[in-house]
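Structure record follows, encoded as structure tokens.
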Amino acid sequence: MFDFHMHSSISFDSETSSIDMAQAALQAGLREICFTDHYDCHWEKEDTHDFFTLDDYRAAYEGLSVPGLIIRRGVEMGLTHWNRGIAEALTHAYPFDFVIGSLHYVDGYDPYEPQYWDGKTMHRAYERYLEETLRCVRIHDDFDVLGHLTYVCKSPHNPYHLPVFYEDFADLTDDILRELVKKGKGMEINTSGIDRVGDFLPTARHLQRFYELGGRIVTVGSDTHNTNRVGQYTDRALDVLKDIFGHVCTFAQRTPTFHRL
Ligand SMILES: [Zn+2]
Ligand SMILES: [Zn+2]
């Protein structure tokens, strides 16, 4: 029904055009989608940011139309502890419908790089990612939902191939969730973990805890970078959200709409 985390070739790591992605979404039976392209900063590697230009972004999306499909325009902002100014400059420069705040770089490395895992146990690798997440959600205000809270586990270089379990980091996770609730921010259920670690990012337990702490804004996204995964497992994710929240959100002009499930 919805996919609010999709990349096209506007992102550095996708080669699929926006029109191909949108047509795949219609064929997958989706009703409303949002493109959320990467805008990432690499710590200590300032000359290698993964930015798009607004000229390219406009060219890809502003004329894009597929009858029967609602298409929103968003961004997946890579949060670091030092890039708040960069993030806010972008969202002030373009009227995005939706901003996902995501952590991809911790201590200078993406968990997708093998160096991230050097010298770390699984516990420390997961904990360090969550520590930095807490730091960033305290610093940043200009995002709508926190993307893939447990992204760290889905890396192909993760030697352990296990989800991040709530109970293993309960206090740290609660601090993150409370900060999101306090700021009026939401969470996403990201389906890209199913084929990597056998669970959503984050798990239903994390989302249940978010609800218990007062969180109500929640979106669903496949995080697809090609036409094969558009909307993948989003039906299963909506079943999870139905049980916990009774609704799922979409966004337009940075404002959530609640859809009863
Ligand atoms: Zn991401
Ligand atoms: Zn993504």
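FYI, nothing fancy with the structure tokens labels: chains A, B, ... in order, residues from 1 per chain, ligands from 1 as they appear.
For segment 67-193 of chain A, the set of residues given strand (DSSP E or B) by DSSP on the backbone reads Ile70, Ile71, Arg72, Arg73, Gly74, Val75, Glu76, Met77, Gly78, Phe98, Val99, Ile100, Gly101, Ser102, Val106, Tyr109, Val145, Leu146, Gly186, Met187, Glu188, Ile189 and Asn190 of chain A.
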Handout entry: Exercise answer, 9 Å around ligand 1 with only C-alpha atoms and all ligand atoms, as a list in words
Key = His5, His38, Glu76, Met77, Gly78, Ile100, Gly101, Ser102, Leu103, His104, Gly147, His148, Tyr151 and Asp223 of chain A
Taking a cut-off of 12 Å and counting only C-alpha atoms and all ligand atoms, can you build a table that, for each residue of chain A near ligand 2, reports the nearest atom pair and how far apart they are in Å (one decimal), sorted by chain then residue number, as a tab-separated table?
residue	atom	partner	partner_atom_place_in_ligand_line	distance
A:Asp3	CA	ligand 2	1 (Zn)	11.6
A:Phe4	CA	ligand 2	1 (Zn)	9.8
A:His5	CA	ligand 2	1 (Zn)	6.1
A:Met6	CA	ligand 2	1 (Zn)	6.5
A:His7	CA	ligand 2	1 (Zn)	6.5
A:Ser8	CA	ligand 2	1 (Zn)	10.1
A:Ile10	CA	ligand 2	1 (Zn)	11.9
A:Ser11	CA	ligand 2	1 (Zn)	9.0
A:Phe12	CA	ligand 2	1 (Zn)	11.0
A:Asp13	CA	ligand 2	1 (Zn)	9.6
A:Ser14	CA	ligand 2	1 (Zn)	10.2
A:Cys34	CA	ligand 2	1 (Zn)	11.3
A:Phe35	CA	ligand 2	1 (Zn)	9.4
A:Thr36	CA	ligand 2	1 (Zn)	6.8
A:Asp37	CA	ligand 2	1 (Zn)	6.9
A:His38	CA	ligand 2	1 (Zn)	6.7
A:Tyr39	CA	ligand 2	1 (Zn)	10.0
A:Asp40	CA	ligand 2	1 (Zn)	10.6
A:Gly74	CA	ligand 2	1 (Zn)	11.1
A:Val75	CA	ligand 2	1 (Zn)	9.0
A:Glu76	CA	ligand 2	1 (Zn)	6.3
A:Met77	CA	ligand 2	1 (Zn)	9.2
A:Gly78	CA	ligand 2	1 (Zn)	9.5
A:Val99	CA	ligand 2	1 (Zn)	11.3
A:Ile100	CA	ligand 2	1 (Zn)	8.7
A:Gly101	CA	ligand 2	1 (Zn)	9.9
A:Ser102	CA	ligand 2	1 (Zn)	8.1
A:Leu103	CA	ligand 2	1 (Zn)	10.2
A:His104	CA	ligand 2	1 (Zn)	9.5
A:Leu146	CA	ligand 2	1 (Zn)	11.3
A:Gly147	CA	ligand 2	1 (Zn)	7.9
A:His148	CA	ligand 2	1 (Zn)	8.4
A:Leu149	CA	ligand 2	1 (Zn)	11.9
A:Tyr151	CA	ligand 2	1 (Zn)	9.8
A:Glu188	CA	ligand 2	1 (Zn)	11.2
A:Ile189	CA	ligand 2	1 (Zn)	11.9
A:Asn190	CA	ligand 2	1 (Zn)	8.9
A:Thr191	CA	ligand 2	1 (Zn)	10.7
A:Ser192	CA	ligand 2	1 (Zn)	9.2
A:Gly193	CA	ligand 2	1 (Zn)	11.8
A:Leu201	CA	ligand 2	1 (Zn)	11.7
A:Val220	CA	ligand 2	1 (Zn)	11.8
A:Gly221	CA	ligand 2	1 (Zn)	8.6
A:Ser222	CA	ligand 2	1 (Zn)	8.2
A:Asp223	CA	ligand 2	1 (Zn)	4.6
A:Thr224	CA	ligand 2	1 (Zn)	7.1
A:His225	CA	ligand 2	1 (Zn)	7.8
A:Asn226	CA	ligand 2	1 (Zn)	11.5
Practice task
Within 10 Å of segment 28-32 of chain A, counting only C-alpha atoms, which residues show up once you throw out same-chain ones fewer than 2 positions away? Write them as number ranges by chain, please.
Solution key: A: 1-4, 22-26, 34, 68-72, 227-232, 234, 250-251
Store the residues picked out above in a file with N, CA and C atoms, as an mmCIF file, in the first residue's frame.
data_model
loop_
_atom_site.group_PDB
_atom_site.id
_atom_site.type_symbol
_atom_site.label_atom_id
_atom_site.label_comp_id
_atom_site.auth_asym_id
_atom_site.auth_seq_id
_atom_site.Cartn_x
_atom_site.Cartn_y
_atom_site.Cartn_z
ATOM 1 N N MET A 1 0.826 -1.213 0.000
ATOM 2 C CA MET A 1 0.000 0.000 0.000
ATOM 3 C C MET A 1 0.866 1.272 0.000
ATOM 4 N N PHE A 2 1.879 1.293 0.890
ATOM 5 C CA PHE A 2 2.783 2.450 0.974
ATOM 6 C C PHE A 2 4.249 1.975 0.999
ATOM 7 N N ASP A 3 5.117 2.780 0.426
ATOM 8 C CA ASP A 3 6.562 2.563 0.594
ATOM 9 C C ASP A 3 7.210 3.935 0.725
ATOM 10 N N PHE A 4 7.593 4.264 1.949
ATOM 11 C CA PHE A 4 8.135 5.592 2.223
ATOM 12 C C PHE A 4 9.646 5.556 2.491
ATOM 13 N N ALA A 22 9.014 4.241 -10.027
ATOM 14 C CA ALA A 22 7.599 4.573 -9.828
ATOM 15 C C ALA A 22 6.691 3.567 -10.541
ATOM 16 N N GLN A 23 7.066 3.173 -11.741
ATOM 17 C CA GLN A 23 6.243 2.185 -12.454
ATOM 18 C C GLN A 23 6.267 0.831 -11.751
ATOM 19 N N ALA A 24 7.415 0.482 -11.187
ATOM 20 C CA ALA A 24 7.496 -0.772 -10.420
ATOM 21 C C ALA A 24 6.596 -0.696 -9.183
ATOM 22 N N ALA A 25 6.517 0.485 -8.591
ATOM 23 C CA ALA A 25 5.654 0.652 -7.418
ATOM 24 C C ALA A 25 4.187 0.449 -7.786
ATOM 25 N N LEU A 26 3.787 0.998 -8.912
ATOM 26 C CA LEU A 26 2.398 0.820 -9.348
ATOM 27 C C LEU A 26 2.114 -0.659 -9.615
ATOM 28 N N CYS A 34 7.290 7.398 -1.436
ATOM 29 C CA CYS A 34 8.133 8.580 -1.255
ATOM 30 C C CYS A 34 9.579 8.204 -1.584
ATOM 31 N N GLY A 68 -2.486 6.905 -11.026
ATOM 32 C CA GLY A 68 -2.854 5.896 -10.036
ATOM 33 C C GLY A 68 -1.885 5.793 -8.878
ATOM 34 N N LEU A 69 -0.794 6.566 -8.924
ATOM 35 C CA LEU A 69 0.219 6.502 -7.866
ATOM 36 C C LEU A 69 0.503 7.912 -7.340
ATOM 37 N N ILE A 70 0.462 8.046 -6.023
ATOM 38 C CA ILE A 70 0.860 9.315 -5.402
ATOM 39 C C ILE A 70 2.358 9.244 -5.117
ATOM 40 N N ILE A 71 3.096 10.237 -5.585
ATOM 41 C CA ILE A 71 4.552 10.242 -5.446
ATOM 42 C C ILE A 71 4.977 11.438 -4.596
ATOM 43 N N ARG A 72 5.600 11.157 -3.470
ATOM 44 C CA ARG A 72 6.124 12.220 -2.597
ATOM 45 C C ARG A 72 7.633 12.330 -2.782
ATOM 46 N N THR A 227 14.299 -1.994 -8.826
ATOM 47 C CA THR A 227 12.871 -2.263 -9.022
ATOM 48 C C THR A 227 12.425 -3.579 -8.383
ATOM 49 N N ASN A 228 13.362 -4.466 -8.085
ATOM 50 C CA ASN A 228 12.967 -5.787 -7.578
ATOM 51 C C ASN A 228 12.389 -5.755 -6.167
ATOM 52 N N ARG A 229 12.819 -4.791 -5.382
ATOM 53 C CA ARG A 229 12.435 -4.804 -3.963
ATOM 54 C C ARG A 229 11.402 -3.737 -3.598
ATOM 55 N N VAL A 230 10.817 -3.087 -4.585
ATOM 56 C CA VAL A 230 9.846 -2.030 -4.270
ATOM 57 C C VAL A 230 8.677 -2.625 -3.472
ATOM 58 N N GLY A 231 8.437 -2.071 -2.322
ATOM 59 C CA GLY A 231 7.314 -2.526 -1.497
ATOM 60 C C GLY A 231 7.519 -3.878 -0.837
ATOM 61 N N GLN A 232 8.741 -4.443 -0.946
ATOM 62 C CA GLN A 232 8.958 -5.801 -0.444
ATOM 63 C C GLN A 232 8.690 -5.897 1.063
ATOM 64 N N THR A 234 6.342 -5.068 2.805
ATOM 65 C CA THR A 234 5.613 -3.997 3.496
ATOM 66 C C THR A 234 4.259 -4.494 4.015
ATOM 67 N N THR A 250 1.741 8.343 6.478
ATOM 68 C CA THR A 250 2.431 8.870 5.312
ATOM 69 C C THR A 250 2.707 10.344 5.599
ATOM 70 N N PHE A 251 3.539 10.953 4.765
ATOM 71 C CA PHE A 251 3.867 12.368 4.972
ATOM 72 C C PHE A 251 3.698 13.151 3.672
#
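Within 9 Å of Ala204 of chain A, once only C-alpha atoms are used and residues closer than 5 positions along the same chain are dropped, the contacting residues are Ile189, Asp199, Arg209, Ala237, Val240, Leu241 and Ile244 of chain A.
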Practice task
Compare A:Asp168, A:Asp20, A:Asp97, A:Asp110 by their minimum atom-to-atom distance to Glu127 of chain A, counting only C-alpha atoms, and give me the closest one.
Solution key: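 So, comparing all the options, the nearest one is A:Asp168.
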Problem - Nearest-residue call for Arg84 of chain A, choices A:Arg138, A:His49, A:Arg216, A:His123, using only C-alpha atoms - result: A:Arg138
Exercise for the section: Measure the distance from atom CA of Leu64 of chain A to atom CA of Ser18 of chain A in Å and round it to one decimal. Expected result: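 Atom CA of Ser18 of chain A lies 7.7 Å from atom CA of Leu64 of chain A.
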Fill in the blank from the handout: Using only C-alpha atoms, the best pick from A:Val152, A:Leu54, A:Leu134, A:Val145 as closest to Pro95 of chain A would be A:Leu54
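The space separating atom CA of Ile176 of chain A from atom CA of Ile139 of chain A comes to 11.8 Å.
Using only C-alpha atoms, the contacts of Cys249 of chain A at a cut-off of 6 Å, with sequence neighbours closer than 2 positions omitted, comprise Val218, Thr219, Pro256, Thr257, Phe258 and His259 of chain A.
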Practice task
Select from segment 174-204 of chain A everything DSSP, run on the backbone, classes as alpha helix (DSSP H), then give the selection as number ranges by chain.
Solution key: A: 174-183, 194-197, 204
Convert the current residue selection to file output with C-alpha atoms, as a JSON list (two decimals), in the first residue's frame.
[["chain", "number", "residue", "atom", "x", "y", "z"],
["A", 174, "ASP", "CA", 14.84, 3.72, 25.81],
["A", 175, "ASP", "CA", 16.90, 6.91, 25.91],
["A", 176, "ILE", "CA", 16.72, 7.12, 22.10],
["A", 177, "LEU", "CA", 13.00, 6.40, 21.98],
["A", 178, "ARG", "CA", 12.24, 8.91, 24.74],
["A", 179, "GLU", "CA", 14.18, 11.58, 22.90],
["A", 180, "LEU", "CA", 12.16, 10.89, 19.74],
["A", 181, "VAL", "CA", 8.88, 11.08, 21.66],
["A", 182, "LYS", "CA", 9.94, 14.31, 23.39],
["A", 183, "LYS", "CA", 10.75, 15.89, 20.04],
["A", 194, "ILE", "CA", 14.29, -9.51, 6.58],
["A", 195, "ASP", "CA", 16.61, -11.04, 4.01],
["A", 196, "ARG", "CA", 19.77, -10.04, 5.92],
["A", 197, "VAL", "CA", 19.06, -10.89, 9.55],
["A", 204, "ALA", "CA", 8.50, -5.38, 16.61]]
Handout entry: Top pick for closest residue to Ala87 of chain A, considering A:Glu113, A:Asp243, A:Asp142, A:Glu62 and counting only C-alpha atoms
Key = A:Asp142
